[in-house]
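The structure under discussion appears below in the form of structure tokens.
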There are 2 protein chains.
Amino acid sequence: MKLSQGVEWALHCCHVLSQLPEGSALTLAQLAELYAATAPYLAKHLQALSRDGVVEAVSGPNGGYRLARPAADISVLEVVEAIEGRSAAFRCAEIRQRGPAALPAAEYVLPCAIAAAMYAAEAAWREVLANRSIADLALTTCERAPKSAAATRTWLEDSARRRTPRGAGKQS
Amino acid sequence: MKLSQGVEWALHCCHVLSQLPEGSALTLAQLAELYAATAPYLAKHLQALSRDGVVEAVSGPNGGYRLARPAADISVLEVVEAIEGRSAAFRCAEIRQRGPAALPAAEYVLPCAIAAAMYAAEAAWREVLANRSIADLALTTCERAPKSAAATRTWLEDSARRRTPRGAGKQS
């Protein structure tokens with residue numbers, strides 16, 4: 001059982017987008033620079049997140065990606081499912097209905113005990129991820145690696161300054 | 001995220017082995033017949049289960065596979081891990097240590113908040129499977145599909161009779 005690497009990238013992108021000041025966005029190029037990743041690779045995951053309403057693309061000179069909702073309202077599960085889909089990891093092939101001891105299908109009303117056990121485990125997995133938000137991740141990052149959280153914020157501020165043309169926003 | 005089909009096969013094999021009377025075993029051919037599967041395919045999974053001490057191969061005229069321990073002492077997790085291995089589904093690539101905002105490795109003592117959330121979910125998944133035994137599966141099968149459980153037991157008895165040569169075990 002393996003989760004795709006895209007899950008980690010998508011969670012990091014959402015995490016950093018949660019660090020932006022209200023009303024601002026990060027371009028694909030900024031995200032790629034921050035994570036030393038290629039833009040097309042990140043674009044694939046951002047498109048999946050956008051399709052599922054986790055992030056949104058904003059057009060215009062200060063456009064880019066931003067979270068589609070407050071970080072506290074986006075669960076880790078939503079991000080994981082945007083990348084991995086919602087299919088169960090365990091797929092019951094109804095082995096119990098095979099072979100000489102099998103009965104007519106009508107005798108198998110309830111799910112197989114084996115599938116039920118596997119689904120219960122997946123439900124527990126989903127519950128943990130559903131109860132953790134992108135805002136929680138940011139909080140935990142601040143606690144676990146405060147200097148790293150500060151360095152990211154500094155980079156975001158510098159990057160926003162580099163992006164804004166000199167004099168833009170000033171009124172004469 | 002997808003579990004291999006072998007997990008379902010291995011769990012069904014362990015489940016049926018738990019239904020055998022004390023001291024008996026099922027041959028690969030019997031298991032393959034019961035599940036209308038090919039012997040080489042099942043053999044691959046039984047070897048993995050044997051390697052992990054879940055089942056054991058018994059030689060001799062009444063030989064075959066049997067559970068290596070009482071069914072109540074074998075967790076569903078052990079069977080799943082025998083087939084899938086013990087690696088985490090989420091593999092942290094330390095994305096936080098990439099790019100221009102990264103700090104020296106010494107600043108990242110604790111696991112990344114993202115990895116910690118994903119590992120917590122996997123721990124919950126494992127806990128459910130660790131707390132369910134092969135004996136529990138048999139009990140649940142009896143409750144959920146009692147006729148199916150009875151049909152399997154009948155098949156096992158018939159198959160054991162077919163296997164024992166006429167007159168074997170009788171004393172003159």
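Each chain in the structure tokens gets a letter, A, B, ..., in the order shown, and its residues are numbered from 1; ligands are numbered from 1 in order too.
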
Counting only C-alpha atoms, what are the residues of chain B within 8 Å of chain A, and for each of them which pair of atoms is the nearest and at what distance in Å, to one decimal? Sort the table by chain and rising number, as CSV.
```
residue,atom,partner,partner_atom,distance
B:Met1,CA,A:Leu3,CA,5.1
B:Lys2,CA,A:Ala89,CA,4.1
B:Leu3,CA,A:Met1,CA,5.1
B:Ser4,CA,A:Met1,CA,7.3
B:Gln5,CA,A:Arg91,CA,7.5
B:Glu8,CA,A:Cys92,CA,7.1
B:Trp9,CA,A:Ile95,CA,7.5
B:Leu11,CA,A:Ile114,CA,7.0
B:His12,CA,A:Ile95,CA,7.5
B:Glu33,CA,A:Gly99,CA,6.7
B:Leu34,CA,A:Gly99,CA,5.2
B:Tyr35,CA,A:Gly99,CA,4.7
B:Ala36,CA,A:Gly99,CA,4.7
B:Glu84,CA,A:Met1,CA,6.4
B:Ala88,CA,A:Lys2,CA,7.3
B:Ala89,CA,A:Lys2,CA,4.1
B:Phe90,CA,A:Leu3,CA,5.4
B:Arg91,CA,A:Gln5,CA,7.5
B:Cys92,CA,A:Glu8,CA,7.2
B:Ala93,CA,A:Glu8,CA,7.9
B:Ile95,CA,A:Tyr35,CA,6.9
B:Arg96,CA,A:Tyr35,CA,7.6
B:Arg98,CA,A:Tyr35,CA,5.4
B:Gly99,CA,A:Ala36,CA,4.7
B:Pro100,CA,A:Leu34,CA,6.0
B:Ala101,CA,A:Thr152,CA,5.4
B:Ala102,CA,A:Ser148,CA,6.9
B:Leu103,CA,A:Ser148,CA,6.5
B:Glu107,CA,A:Ala145,CA,6.8
B:Tyr108,CA,A:Ala145,CA,6.2
B:Val109,CA,A:Ala145,CA,7.7
B:Leu110,CA,A:Arg144,CA,6.1
B:Pro111,CA,A:Arg144,CA,7.8
B:Cys112,CA,A:Thr141,CA,7.0
B:Ala113,CA,A:Thr141,CA,5.4
B:Ile114,CA,A:Leu137,CA,6.4
B:Ala117,CA,A:Leu129,CA,7.1
B:Met118,CA,A:Leu129,CA,7.3
B:Ala120,CA,A:Val128,CA,7.0
B:Ala121,CA,A:Trp125,CA,4.5
B:Glu122,CA,A:Trp125,CA,6.0
B:Ala123,CA,A:Trp125,CA,7.9
B:Ala124,CA,A:Ala124,CA,5.7
B:Trp125,CA,A:Ala121,CA,4.5
B:Arg126,CA,A:Ala121,CA,7.0
B:Glu127,CA,A:Ala121,CA,7.8
B:Val128,CA,A:Ala121,CA,5.2
B:Leu129,CA,A:Ala121,CA,6.3
B:Arg132,CA,A:Ala117,CA,7.5
B:Leu137,CA,A:Ala113,CA,5.7
B:Ala138,CA,A:Ala113,CA,7.8
B:Thr140,CA,A:Ala113,CA,5.7
B:Thr141,CA,A:Ala113,CA,5.4
B:Arg144,CA,A:Leu110,CA,6.1
B:Ala145,CA,A:Tyr108,CA,6.2
B:Lys147,CA,A:Glu107,CA,7.2
B:Ser148,CA,A:Leu103,CA,6.5
B:Ala151,CA,A:Ala101,CA,5.5
B:Thr152,CA,A:Ala101,CA,5.4
B:Trp155,CA,A:Ala101,CA,6.1
```

DSSP on the backbone: what in chain B comes out strand (DSSP E), as a list of chain:residue names?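 Everything in chain B that counts as strand (DSSP E) is B:Val55, B:Glu56, B:Ala57, B:Val58, B:Gly64, B:Tyr65, B:Arg66, B:Leu67.
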
Give me the residues near B:Val58 as a ChimeraX atom specification, where near means some atom within 12 Å (using only C-alpha atoms) and where sequence neighbours in that chain fewer than 5 positions away do not count. /B:23-28,50,63-68

List every residue of stretch 8-162 of chain B that DSSP, applied to the backbone of this structure, places in helix (DSSP H, G or I), and write the result as a ChimeraX atom specification. /B:8-17,28-35,39-51,71-73,76-84,95-97,105-107,113-130,134-144,146-162

Rank nothing, just name the residue among B:Arg163, B:Glu78, B:Gln19, B:Asn131 nearest to B:Arg51, using only C-alpha atoms.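 Checking each candidate against B:Arg51, we get B:Glu78 as the closest.
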
For each of B:Cys13, B:Ala48, B:Ala106, B:Leu20, take the minimum atom-to-atom distance to B:Ala160, counting only C-alpha atoms, then give the residue where this is smallest. B:Leu20
